[in-house]
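Data from my_file_24.txt: compact mmCIF, C-alpha atoms and all ligand atoms
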```
# COMPACT_ATOMS: atom_id res chain seq x y z
CA MET A 1 24.81 10.58 9.48
CA THR A 2 24.81 8.81 6.16
CA PHE A 3 27.48 9.58 3.63
CA THR A 4 28.02 8.22 0.17
CA ASN A 5 31.59 7.85 -0.93
CA LEU A 6 31.94 9.87 -4.11
CA LEU A 7 34.30 10.25 -6.96
CA LEU A 8 34.07 13.46 -8.94
CA HIS A 9 35.57 12.40 -12.25
CA ASN A 10 37.04 14.87 -14.77
CA ALA A 11 36.68 17.94 -12.59
CA ARG A 12 38.26 21.13 -13.94
CA LEU A 13 39.77 23.24 -11.16
CA ALA A 14 40.00 27.03 -11.26
CA ASP A 15 43.65 26.81 -12.39
CA GLY A 16 42.57 24.82 -15.44
CA SER A 17 43.91 21.43 -14.36
CA VAL A 18 41.57 18.45 -14.67
CA VAL A 19 41.49 15.98 -11.77
CA ASP A 20 39.45 13.33 -10.00
CA ILE A 21 38.35 14.14 -6.47
CA ALA A 22 37.56 11.38 -3.97
CA VAL A 23 35.20 12.21 -1.12
CA GLU A 24 34.81 9.81 1.79
CA HIS A 25 32.66 10.32 4.88
CA GLY A 26 32.23 13.98 3.95
CA ILE A 27 35.95 14.66 3.61
CA THR A 28 37.99 15.22 0.46
CA THR A 29 40.50 12.39 0.76
CA ARG A 30 42.30 12.27 -2.59
CA ILE A 31 42.85 14.63 -5.48
CA GLY A 32 44.64 13.03 -8.41
CA SER A 33 44.55 12.06 -12.01
CA ASP A 34 42.31 9.22 -13.14
CA LEU A 35 41.41 7.87 -9.72
CA ALA A 36 38.34 6.36 -11.38
CA ASN A 37 40.42 3.44 -12.55
CA ALA A 38 42.57 3.23 -9.44
CA HIS A 39 42.28 0.56 -6.80
CA GLY A 40 40.12 1.49 -3.83
CA PHE A 41 37.62 3.76 -5.59
CA LYS A 42 35.61 1.14 -7.46
CA THR A 43 32.64 1.22 -5.08
CA HIS A 44 32.44 5.01 -4.94
CA GLU A 45 29.47 6.65 -6.60
CA LYS A 46 31.03 8.12 -9.72
CA ILE A 47 29.86 11.50 -10.94
CA ASP A 48 31.22 12.49 -14.33
CA VAL A 49 31.80 16.22 -14.05
CA ASN A 50 32.63 16.23 -17.73
CA GLN A 51 35.25 18.98 -17.37
CA LYS A 52 32.81 21.46 -15.93
CA LEU A 53 34.35 23.82 -13.40
CA VAL A 54 34.68 22.74 -9.80
CA LEU A 55 35.10 25.44 -7.16
CA PRO A 56 35.23 25.45 -3.39
CA GLY A 57 31.73 26.23 -2.05
CA LEU A 58 31.16 29.98 -2.03
CA VAL A 59 31.20 31.86 1.28
CA ASP A 60 29.06 34.94 1.91
CA LEU A 61 29.98 37.23 4.80
CA HIS A 62 26.87 39.39 4.46
CA THR A 63 23.46 37.69 4.33
CA HIS A 64 20.16 38.79 5.83
CA LEU A 65 18.22 35.65 6.70
CA ARG A 66 15.43 37.46 8.62
CA GLU A 67 14.84 34.71 11.19
CA PRO A 68 13.94 35.14 13.99
CA GLY A 69 11.29 37.81 13.56
CA PHE A 70 10.63 38.35 9.86
CA GLU A 71 9.92 34.84 8.64
CA GLY A 72 7.51 36.17 6.01
CA SER A 73 10.51 37.50 4.08
CA GLU A 74 12.96 34.66 4.63
CA THR A 75 13.71 31.84 7.04
CA ILE A 76 16.97 30.14 7.80
CA LEU A 77 15.71 27.14 5.80
CA SER A 78 14.58 29.15 2.75
CA GLY A 79 17.72 31.28 2.92
CA SER A 80 19.86 28.13 3.11
CA LYS A 81 18.11 26.79 -0.01
CA SER A 82 18.73 30.08 -1.78
CA ALA A 83 22.39 29.92 -0.74
CA VAL A 84 22.89 26.37 -1.96
CA LYS A 85 21.21 27.17 -5.28
CA GLY A 86 23.64 30.04 -5.72
CA GLY A 87 26.64 27.84 -4.92
CA TYR A 88 27.16 28.97 -1.32
CA THR A 89 28.07 26.43 1.35
CA ALA A 90 28.53 29.00 4.10
CA VAL A 91 26.75 32.26 4.83
CA SER A 92 27.02 34.75 7.67
CA ALA A 93 23.65 35.78 9.05
CA MET A 94 23.35 39.49 9.84
CA ALA A 95 22.20 40.53 13.29
CA ASN A 96 19.22 42.75 12.40
CA THR A 97 16.61 40.15 13.29
CA TRP A 98 13.88 40.46 15.91
CA PRO A 99 14.90 39.96 18.59
CA VAL A 100 18.23 41.43 17.53
CA ALA A 101 21.18 39.00 17.63
CA ASP A 102 22.89 40.98 20.38
CA ASN A 103 23.19 38.18 22.95
CA ALA A 104 24.25 34.54 23.23
CA GLY A 105 20.66 33.25 23.21
CA VAL A 106 19.77 34.59 19.77
CA VAL A 107 23.03 33.64 18.04
CA GLU A 108 22.74 30.11 19.44
CA GLN A 109 19.14 29.96 18.19
CA VAL A 110 20.32 30.91 14.68
CA SER A 111 23.01 28.22 14.80
CA ARG A 112 20.52 25.61 15.93
CA LEU A 113 18.00 26.48 13.20
CA ALA A 114 20.79 26.31 10.62
CA ARG A 115 21.80 22.83 11.76
CA GLU A 116 18.16 21.74 11.52
CA ALA A 117 17.97 23.11 7.97
CA GLY A 118 21.17 21.18 7.31
CA LEU A 119 21.92 22.49 3.82
CA CYS A 120 24.89 24.76 4.46
CA ASP A 121 26.77 26.38 7.31
CA VAL A 122 25.16 29.52 8.72
CA PHE A 123 27.48 31.51 10.96
CA PRO A 124 25.67 34.13 13.02
CA ILE A 125 27.00 37.68 13.12
CA GLY A 126 26.54 39.42 16.46
CA ALA A 127 25.34 42.98 16.87
CA VAL A 128 27.93 45.53 18.01
CA THR A 129 25.45 47.49 20.12
CA VAL A 130 22.37 46.55 22.11
CA GLY A 131 19.33 46.55 19.81
CA LEU A 132 21.49 48.01 17.00
CA LYS A 133 20.84 51.37 18.64
CA GLY A 134 24.45 52.51 18.65
CA GLU A 135 24.35 53.46 22.33
CA ALA A 136 25.66 50.60 24.48
CA LEU A 137 28.04 47.81 23.56
CA ALA A 138 26.36 44.40 23.20
CA GLU A 139 27.68 41.30 25.01
CA LEU A 140 30.45 40.65 22.50
CA SER A 141 32.41 38.21 24.68
CA ALA A 142 29.31 36.24 25.63
CA MET A 143 28.52 35.77 21.93
CA ALA A 144 32.15 34.91 21.12
CA ASN A 145 32.26 32.34 23.92
CA SER A 146 28.82 30.88 23.15
CA ALA A 147 28.28 27.67 21.21
CA ALA A 148 27.84 29.87 18.12
CA LYS A 149 31.47 31.10 18.47
CA VAL A 150 30.72 34.49 16.90
CA ARG A 151 33.74 36.24 15.37
CA ILE A 152 32.11 38.90 13.17
CA PHE A 153 30.17 41.73 14.75
CA SER A 154 28.10 44.27 12.86
CA ASP A 155 25.22 46.68 13.32
CA ASP A 156 24.67 46.43 9.57
CA GLY A 157 21.73 48.46 8.41
CA ASN A 158 23.05 51.02 10.84
CA CYS A 159 26.49 52.55 11.12
CA VAL A 160 28.34 52.43 14.43
CA SER A 161 28.71 56.18 14.18
CA ASP A 162 29.74 57.08 17.75
CA PRO A 163 33.56 57.01 17.69
CA VAL A 164 33.79 56.08 21.37
CA ILE A 165 31.54 53.04 20.93
CA MET A 166 33.42 52.07 17.77
CA ARG A 167 36.70 52.33 19.63
CA ARG A 168 35.49 50.12 22.48
CA ALA A 169 34.14 47.53 20.04
CA LEU A 170 37.42 47.40 18.12
CA GLU A 171 39.35 47.03 21.38
CA TYR A 172 37.05 44.28 22.63
CA VAL A 173 37.25 41.95 19.63
CA ARG A 174 41.06 41.88 19.64
CA SER A 175 41.13 39.35 22.50
CA PHE A 176 39.38 36.65 20.43
CA ASP A 177 40.58 37.71 16.97
CA GLY A 178 37.16 39.06 16.08
CA VAL A 179 36.39 41.64 13.45
CA ILE A 180 34.01 44.59 13.29
CA ALA A 181 32.12 44.79 9.99
CA GLN A 182 31.13 48.40 9.55
CA HIS A 183 28.20 49.70 7.52
CA ALA A 184 30.14 52.87 6.74
CA GLN A 185 27.71 55.74 6.55
CA GLU A 186 27.60 58.92 8.59
CA PRO A 187 23.90 58.94 9.53
CA ARG A 188 23.64 62.70 9.89
CA LEU A 189 24.61 63.07 6.24
CA THR A 190 22.14 60.51 4.96
CA HIS A 191 19.03 61.15 7.04
CA GLY A 192 16.03 60.75 4.72
CA SER A 193 18.24 60.02 1.71
CA GLN A 194 16.67 58.06 -1.13
CA MET A 195 19.41 57.49 -3.70
CA ASN A 196 22.93 58.52 -4.72
CA GLU A 197 23.49 62.28 -4.56
CA GLY A 198 24.32 63.48 -8.05
CA ALA A 199 22.92 64.48 -11.41
CA VAL A 200 20.23 61.78 -11.39
CA SER A 201 18.94 62.60 -7.91
CA SER A 202 18.72 66.29 -8.87
CA LYS A 203 16.76 65.44 -12.00
CA LEU A 204 14.38 63.12 -10.15
CA GLY A 205 14.00 65.40 -7.15
CA LEU A 206 14.92 62.68 -4.68
CA LYS A 207 17.02 63.44 -1.63
CA GLY A 208 20.64 62.54 -2.33
CA TRP A 209 23.04 60.32 -0.42
CA PRO A 210 26.51 61.79 -0.70
CA ALA A 211 29.60 59.65 -1.27
CA ILE A 212 31.30 61.60 1.49
CA ALA A 213 28.94 60.04 4.07
CA GLU A 214 30.52 56.66 3.30
CA GLU A 215 34.07 57.88 2.79
CA SER A 216 34.28 59.93 5.99
CA ILE A 217 33.46 56.88 8.12
CA ILE A 218 35.84 54.64 6.16
CA ALA A 219 38.64 57.18 6.69
CA ARG A 220 37.90 57.49 10.41
CA ASP A 221 37.67 53.77 11.00
CA ILE A 222 40.76 52.65 9.11
CA LEU A 223 42.78 55.15 11.14
CA MET A 224 41.17 54.04 14.39
CA ALA A 225 41.53 50.30 13.70
CA ASN A 226 45.17 50.83 12.80
CA TYR A 227 45.78 52.86 15.96
CA LEU A 228 44.24 50.11 18.09
CA GLY A 229 45.73 47.16 16.20
CA SER A 230 42.26 45.74 15.53
CA ARG A 231 40.68 44.11 12.50
CA LEU A 232 38.18 46.18 10.56
CA HIS A 233 36.02 45.00 7.69
CA ILE A 234 34.18 47.51 5.51
CA CYS A 235 30.81 46.31 4.28
CA HIS A 236 29.59 47.00 0.75
CA LEU A 237 31.95 49.64 -0.62
CA THR A 238 30.20 51.73 -3.24
CA THR A 239 32.33 54.77 -4.07
CA ARG A 240 35.51 55.44 -6.00
CA GLY A 241 36.81 57.46 -3.06
CA GLY A 242 36.14 54.55 -0.70
CA VAL A 243 38.20 52.25 -2.92
CA GLU A 244 41.04 54.79 -2.89
CA LEU A 245 40.96 54.99 0.91
CA VAL A 246 41.14 51.20 1.29
CA ARG A 247 43.94 51.08 -1.29
CA TRP A 248 45.88 53.66 0.70
CA ALA A 249 45.30 51.82 4.00
CA LYS A 250 46.52 48.53 2.53
CA GLY A 251 49.54 50.31 1.11
CA GLN A 252 50.34 51.35 4.67
CA GLY A 253 50.05 47.75 5.83
CA MET A 254 46.85 48.31 7.79
CA ALA A 255 44.63 45.32 8.73
CA VAL A 256 41.54 46.38 6.83
CA THR A 257 39.41 44.25 4.52
CA ALA A 258 36.52 45.27 2.31
CA GLU A 259 33.65 43.85 0.32
CA VAL A 260 31.59 44.81 -2.73
CA THR A 261 28.16 43.50 -3.67
CA PRO A 262 27.34 42.07 -7.10
CA HIS A 263 24.70 44.75 -7.71
CA HIS A 264 27.20 47.55 -7.13
CA LEU A 265 29.48 45.92 -9.72
CA ILE A 266 26.89 46.19 -12.48
CA LEU A 267 24.09 48.72 -11.81
CA THR A 268 24.22 52.52 -11.64
CA ASP A 269 21.98 55.26 -10.28
CA GLU A 270 20.54 55.66 -13.79
CA SER A 271 18.44 52.59 -12.90
CA ALA A 272 16.41 54.77 -10.56
CA SER A 273 15.20 56.96 -13.44
CA GLY A 274 12.01 54.96 -13.83
CA PHE A 275 11.27 55.20 -10.08
CA ASP A 276 11.13 51.41 -9.79
CA PRO A 277 11.84 50.65 -6.10
CA ILE A 278 13.44 47.33 -7.05
CA TYR A 279 16.58 49.48 -7.49
CA LYS A 280 16.31 51.09 -4.07
CA VAL A 281 19.12 49.81 -1.93
CA ASN A 282 21.30 50.86 0.99
CA PRO A 283 24.00 51.93 0.26
CA PRO A 284 22.66 53.26 -3.04
CA LEU A 285 23.63 52.45 -6.60
CA ARG A 286 26.28 54.97 -7.66
CA THR A 287 27.68 56.28 -10.95
CA SER A 288 29.40 54.39 -13.76
CA ALA A 289 32.76 55.85 -12.62
CA ASP A 290 32.18 54.27 -9.20
CA VAL A 291 31.21 50.94 -10.78
CA LEU A 292 34.46 50.92 -12.77
CA ALA A 293 36.51 51.73 -9.67
CA LEU A 294 34.81 48.90 -7.76
CA GLN A 295 35.51 46.42 -10.57
CA ASP A 296 39.15 47.49 -10.73
CA GLY A 297 39.45 47.36 -6.94
CA LEU A 298 38.06 43.82 -6.86
CA ALA A 299 40.38 42.75 -9.68
CA ASP A 300 43.55 44.07 -8.04
CA GLY A 301 42.62 42.81 -4.57
CA THR A 302 42.05 46.19 -2.95
CA ILE A 303 38.54 44.88 -2.36
CA ASP A 304 39.04 41.46 -0.78
CA ILE A 305 35.70 39.82 -1.36
CA VAL A 306 32.28 39.81 -2.98
CA ALA A 307 29.44 39.73 -0.45
CA THR A 308 25.80 39.57 -1.46
CA ASP A 309 24.02 41.77 1.10
CA HIS A 310 21.10 39.42 0.30
CA ALA A 311 18.18 41.44 1.70
CA PRO A 312 14.80 39.76 1.22
CA HIS A 313 11.65 41.90 1.42
CA PRO A 314 7.98 41.03 0.88
CA ASN A 315 6.34 42.23 -2.34
CA ASP A 316 4.22 44.91 -0.66
CA SER A 317 7.30 46.72 0.60
CA LYS A 318 8.52 47.08 -2.99
CA ASP A 319 5.19 47.43 -4.83
CA CYS A 320 4.74 51.01 -3.71
CA GLU A 321 6.10 54.45 -4.44
CA TRP A 322 9.87 54.91 -4.25
CA SER A 323 9.98 56.95 -1.05
CA ALA A 324 7.88 54.42 0.89
CA ALA A 325 9.71 51.30 -0.36
CA SER A 326 12.20 49.26 1.67
CA PHE A 327 15.90 49.27 0.87
CA GLY A 328 17.45 46.03 -0.37
CA MET A 329 17.74 43.27 -2.97
CA VAL A 330 18.02 39.49 -2.83
CA GLY A 331 21.31 38.27 -4.21
CA LEU A 332 22.40 34.75 -3.26
CA GLU A 333 21.13 33.04 -6.41
CA THR A 334 22.52 35.55 -8.91
CA ALA A 335 25.81 36.59 -7.27
CA LEU A 336 28.15 34.21 -9.06
CA SER A 337 26.62 34.90 -12.47
CA VAL A 338 26.81 38.68 -12.02
CA VAL A 339 30.47 38.43 -11.03
CA VAL A 340 31.15 36.21 -14.04
CA LYS A 341 29.41 38.71 -16.32
CA THR A 342 31.20 41.77 -14.96
CA MET A 343 34.62 40.36 -14.08
CA ILE A 344 35.29 37.14 -16.04
CA GLN A 345 33.62 37.91 -19.36
CA SER A 346 35.31 41.32 -19.37
CA LYS A 347 38.63 39.56 -18.70
CA LYS A 348 39.27 41.72 -15.67
CA MET A 349 39.65 38.68 -13.44
CA SER A 350 40.57 34.99 -13.71
CA TRP A 351 38.59 32.07 -12.30
CA GLU A 352 41.29 31.62 -9.68
CA ALA A 353 40.77 35.22 -8.57
CA LEU A 354 37.02 34.67 -8.50
CA ALA A 355 37.46 31.58 -6.29
CA ASP A 356 39.58 33.71 -3.98
CA ARG A 357 37.16 36.65 -3.78
CA MET A 358 34.03 34.53 -3.36
CA SER A 359 35.32 31.62 -1.28
CA THR A 360 38.90 31.57 0.00
CA ALA A 361 39.21 35.18 1.15
CA PRO A 362 35.79 35.40 2.86
CA ALA A 363 36.49 32.08 4.63
CA ARG A 364 39.78 33.52 5.88
CA ILE A 365 38.27 36.81 7.06
CA GLY A 366 35.41 35.01 8.84
CA GLY A 367 37.70 32.35 10.33
CA TYR A 368 35.65 29.59 8.66
CA SER A 369 38.57 27.22 8.42
CA SER A 370 36.68 24.28 6.89
CA HIS A 371 35.62 26.41 3.91
CA GLY A 372 37.37 28.19 1.05
CA LYS A 373 39.42 25.34 -0.36
CA ILE A 374 39.36 22.00 -2.08
CA SER A 375 42.15 20.09 -0.40
CA GLU A 376 42.88 16.64 0.94
CA GLY A 377 41.73 16.32 4.54
CA SER A 378 39.18 19.16 4.34
CA PRO A 379 35.39 18.85 4.49
CA ALA A 380 34.04 18.54 0.94
CA HIS A 381 32.28 21.85 0.35
CA ILE A 382 32.36 21.85 -3.43
CA ILE A 383 30.27 23.23 -6.29
CA ILE A 384 30.04 22.39 -9.97
CA VAL A 385 29.59 25.29 -12.39
CA ASP A 386 28.66 25.06 -16.06
CA THR A 387 30.69 28.01 -17.28
CA THR A 388 29.46 27.74 -20.86
CA GLY A 389 25.82 27.71 -19.84
CA ALA A 390 23.50 30.68 -19.43
CA TRP A 391 20.16 31.17 -17.75
CA LYS A 392 17.32 33.63 -17.67
CA VAL A 393 16.59 34.85 -14.17
CA ASP A 394 12.98 34.17 -13.19
CA ARG A 395 12.10 35.58 -9.78
CA GLU A 396 9.19 33.14 -9.48
CA LEU A 397 11.61 30.21 -9.57
CA MET A 398 13.84 31.49 -6.79
CA ALA A 399 14.38 29.40 -3.68
CA SER A 400 14.32 32.54 -1.55
CA LYS A 401 10.95 33.42 -0.03
CA SER A 402 11.28 36.92 -1.47
CA ARG A 403 11.22 38.10 -5.06
CA ASN A 404 13.02 41.45 -4.89
CA THR A 405 15.75 40.82 -7.44
CA PRO A 406 16.80 43.60 -9.83
CA PHE A 407 17.88 40.90 -12.30
CA HIS A 408 14.48 39.43 -13.21
CA ASP A 409 14.50 38.55 -16.93
CA PHE A 410 18.26 39.15 -17.18
CA GLU A 411 20.17 36.63 -19.26
CA LEU A 412 23.19 35.71 -17.13
CA PRO A 413 26.19 33.46 -17.75
CA ALA A 414 27.36 30.48 -15.66
CA VAL A 415 25.03 27.97 -14.04
CA VAL A 416 25.62 26.36 -10.64
CA THR A 417 24.44 22.81 -11.29
CA ASP A 418 25.54 20.96 -8.14
CA THR A 419 26.44 21.80 -4.56
CA PHE A 420 28.11 19.48 -2.08
CA TYR A 421 28.05 20.34 1.61
CA ASN A 422 30.18 18.08 3.80
CA GLY A 423 30.26 15.69 0.88
CA VAL A 424 26.47 15.49 0.72
CA GLN A 425 25.00 16.51 -2.63
CA VAL A 426 22.41 19.01 -1.45
CA LEU A 427 21.79 20.33 -4.98
CA ARG A 428 21.86 17.98 -7.97
CA ASP A 429 21.25 19.16 -11.52
CA ARG A 430 19.70 22.35 -10.08
CA ASN A 431 17.27 20.36 -7.91
CA PHE A 432 17.35 19.95 -4.16
CA THR A 433 18.07 16.39 -3.20
CA GLY A 434 16.53 16.58 0.22
CA ALA A 435 19.81 15.24 1.52
CA LYS A 436 20.31 16.40 5.03
CA TYR A 437 23.42 16.66 7.14
CA GLU A 438 22.70 15.86 10.79
ZN ZN B 1 24.63 47.35 5.16
```
As structure tokens, what does this structure read like?
Ligand SMILES: [Zn+2]
Amino acid sequence: MTFTNLLLHNARLADGSVVDIAVEHGITTRIGSDLANAHGFKTHEKIDVNQKLVLPGLVDLHTHLREPGFEGSETILSGSKSAVKGGYTAVSAMANTWPVADNAGVVEQVSRLAREAGLCDVFPIGAVTVGLKGEALAELSAMANSAAKVRIFSDDGNCVSDPVIMRRALEYVRSFDGVIAQHAQEPRLTHGSQMNEGAVSSKLGLKGWPAIAEESIIARDILMANYLGSRLHICHLTTRGGVELVRWAKGQGMAVTAEVTPHHLILTDESASGFDPIYKVNPPLRTSADVLALQDGLADGTIDIVATDHAPHPNDSKDCEWSAASFGMVGLETALSVVVKTMIQSKKMSWEALADRMSTAPARIGGYSSHGKISEGSPAHIIIVDTTGAWKVDRELMASKSRNTPFHDFELPAVVTDTFYNGVQVLRDRNFTGAKYE
């Protein structure tokens, strides 16, 4: 392992203070003013941050990396590159691979491939049920006790709809402080659904996806998790009613957390009007009233975190008619900029709140104790953001293997220029350094 001792000079933290940050052997060792001229730091490689913003590396609790099984769409290496380019130093890999990550062998394989890629941490999520079928509980303890140390379990893509299975899963994870991440969606209410159920779906003649399908499962599961004393995490909230339910549960002191995706913070079901499948996503884009409720919920902390639901798909599964297209959008490389556009530029949220929602809080929920902070004694997972910069999204320049972004040609604010993972500069001036942590 080769580390360079670094000094990040003139780094502006989220609270506005400007500091120097010393990084030695991958660890943040000193944070102070004008260390550049202090004794002991003369031989460090000095990087003048020039008062750009420095944040703890972002943490995504909801990433589809597609390997093993669907390497044409994404691999752990290409997904890691996409993460690092977007400012993420840790991502949680969803279990809907092939084979499904429902046993210790597959989650350990994902961990091993991530270490070989060496660009960021990839924490595997284990499936709740065997084969994501919703019928029999997967080997949760075996995955928790494996070298991959799985703590988050999810059948994402599918809802754990059987209340008996959901109950058993919630009971099981208590013993190792695990959490069930639920894709809240009553499947019998969404069978064959194509987009949000409402005025736009009626006009387009597409089968609707009612908000109540999401809200009924959220209501059931917050009550059940509270009854059992277990931790529940709600994936990708999309409805105003869902936000209200989580707000109520938190008001009661219940141990529930929730996430929102960047695309649900900015796009509405009106996007579907042109029948472009790039906007087809599960759960669907909702109405502007829902978007506002999600933004307000994220700002006041009802929604704990932003999670990308990065879902790479090959071109041919999007270059087709709406009803035949796959659900999903890539998101790692645009997430920060979309949150800045919707939440910072609108003055709904501060940079400190953004750092919490995109790094500190997801690290806490996932139990990723080395992430989510810039502090003395912690591994240096740090990003540099040019907050005054802007960029035009070009899907052809993405590090992801897939191109299914709804933000192609969008002008977005805030540019991630540099990413440090364990003190190694894996992205420098927007270019991969080839640096590898081993
Ligand atoms: Zn999902």
As an mmCIF file with C-alpha atoms, in the frame of the given file, please: every protein or nucleic acid residue near ligand ZN 1 (chain B) (cut-off 10 Å, counting all atoms listed in the file).
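Now in pocket-v3.cif:
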```cif
data_model
loop_
_atom_site.group_PDB
_atom_site.id
_atom_site.type_symbol
_atom_site.label_atom_id
_atom_site.label_comp_id
_atom_site.auth_asym_id
_atom_site.auth_seq_id
_atom_site.Cartn_x
_atom_site.Cartn_y
_atom_site.Cartn_z
ATOM 1 C CA HIS A 62 26.870 39.390 4.460
ATOM 2 C CA THR A 63 23.460 37.690 4.330
ATOM 3 C CA HIS A 64 20.160 38.790 5.830
ATOM 4 C CA MET A 94 23.350 39.490 9.840
ATOM 5 C CA SER A 154 28.100 44.270 12.860
ATOM 6 C CA ASP A 155 25.220 46.680 13.320
ATOM 7 C CA ASP A 156 24.670 46.430 9.570
ATOM 8 C CA GLY A 157 21.730 48.460 8.410
ATOM 9 C CA ASN A 158 23.050 51.020 10.840
ATOM 10 C CA CYS A 159 26.490 52.550 11.120
ATOM 11 C CA ALA A 181 32.120 44.790 9.990
ATOM 12 C CA GLN A 182 31.130 48.400 9.550
ATOM 13 C CA HIS A 183 28.200 49.700 7.520
ATOM 14 C CA ALA A 184 30.140 52.870 6.740
ATOM 15 C CA GLN A 185 27.710 55.740 6.550
ATOM 16 C CA ILE A 234 34.180 47.510 5.510
ATOM 17 C CA CYS A 235 30.810 46.310 4.280
ATOM 18 C CA HIS A 236 29.590 47.000 0.750
ATOM 19 C CA LEU A 237 31.950 49.640 -0.620
ATOM 20 C CA VAL A 281 19.120 49.810 -1.930
ATOM 21 C CA ASN A 282 21.300 50.860 0.990
ATOM 22 C CA PRO A 283 24.000 51.930 0.260
ATOM 23 C CA ASP A 309 24.020 41.770 1.100
ATOM 24 C CA HIS A 310 21.100 39.420 0.300
ATOM 25 C CA ALA A 311 18.180 41.440 1.700
ATOM 26 C CA PHE A 327 15.900 49.270 0.870
ATOM 27 C CA GLY A 328 17.450 46.030 -0.370
#
```
Just checking: using only C-alpha atoms, which residue out of A:Ala414, A:Ala355, A:Met166, A:Leu336 ends up closest to Val84 in chain A? A:Leu336
What's around range 35-46 of chain A at 6 Å? Count all atoms listed in the file, leave out sequence neighbours fewer than 6 positions away in its own chain, and write the answer as a PyMOL selection string. chain A and resi 5-7+20
Which polymer residues have any atom within 9 Å of an atom of Ala325 in chain A, counting all atoms listed in the file, with same-chain residues fewer than 3 positions away left out, as JSON, numbers by chain? {"A": [277, 278, 280, 316, 317, 318, 319, 320, 321, 322]}
From the set A:Ala255, A:Ala272, A:Val338, A:Leu189, which residue has the shortest atom-to-atom contact distance to Ser201 in chain A, counting all atoms listed in the file? A:Ala272
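The gap separating CA of Ile382 in chain A from CA of Gln295 in chain A is 25.8 Å, in Å to one decimal.
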Please provide as a PyMOL selection string all residues within 7 Å of range 26-29 of chain A, with the sequence filter that same-chain residues fewer than 4 positions apart are discarded (counting only C-alpha atoms). chain A and resi 3+22+375-380+422-424
Please list as a PyMOL selection string every residue within 12 Å of Glu135 in chain A, counting all atoms listed in the file and excluding residues in the same chain fewer than 2 positions away. chain A and resi 127-133+137-138+155+158-166+168-169
Same residues, C-alpha atoms, output as a tab-separated table (two decimals), keeping the file's coordinate frame:
```tsv
chain	number	residue	atom	x	y	z
A	127	ALA	CA	25.34	42.98	16.87
A	128	VAL	CA	27.93	45.53	18.01
A	129	THR	CA	25.45	47.49	20.12
A	130	VAL	CA	22.37	46.55	22.11
A	131	GLY	CA	19.33	46.55	19.81
A	132	LEU	CA	21.49	48.01	17.00
A	133	LYS	CA	20.84	51.37	18.64
A	137	LEU	CA	28.04	47.81	23.56
A	138	ALA	CA	26.36	44.40	23.20
A	155	ASP	CA	25.22	46.68	13.32
A	158	ASN	CA	23.05	51.02	10.84
A	159	CYS	CA	26.49	52.55	11.12
A	160	VAL	CA	28.34	52.43	14.43
A	161	SER	CA	28.71	56.18	14.18
A	162	ASP	CA	29.74	57.08	17.75
A	163	PRO	CA	33.56	57.01	17.69
A	164	VAL	CA	33.79	56.08	21.37
A	165	ILE	CA	31.54	53.04	20.93
A	166	MET	CA	33.42	52.07	17.77
A	168	ARG	CA	35.49	50.12	22.48
A	169	ALA	CA	34.14	47.53	20.04
```
Would you mind listing what lies within 6 Å of range 344-349 of chain A as a ChimeraX atom specification, with only C-alpha atoms counted and same-chain residues fewer than 3 positions away left out? /A:299,340-341
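Note that the spacing between CA of Thr4 in chain A and CA of Leu77 in chain A amounts to 23.3 Å.
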For CA of Gly208 in chain A and CA of Asp290 in chain A, quote the distance in Å rounded to one decimal. 15.8 Å
If you count only C-alpha atoms, the residue of A:Val416, A:Leu298, A:Leu113, A:Val426 closest to Thr75 in chain A turns out to be A:Leu113
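Proximity of A:Ser337, A:Thr360, A:Asn50, A:Asn196 to Leu412 in chain A, computed with all atoms listed in the file, is greatest for A:Ser337.
Once all atoms listed in the file are considered, the residues situated within 10 Å of the file point (15.2, 43.1, 8.2) turn out to be His64, Leu65, Arg66, Glu67, Pro68, Gly69, Phe70, Glu71, Ser73, Glu74, Met94, Ala95, Asn96, Thr97, Trp98, Val100, Gly157, Ala311, Pro312, His313, Ser326, Phe327 and Gly328 of chain A.
Using only C-alpha atoms, the smallest distance between any of A:Gln51, A:Gly57, A:Ala11, A:Ile31 and Thr89 in chain A comes from A:Gly57.
Of the listed residues (A:Leu265, A:Ile384, A:Ile212, A:Met358), A:Ile384 comes nearest to Tyr421 in chain A; the distances count all atoms listed in the file.
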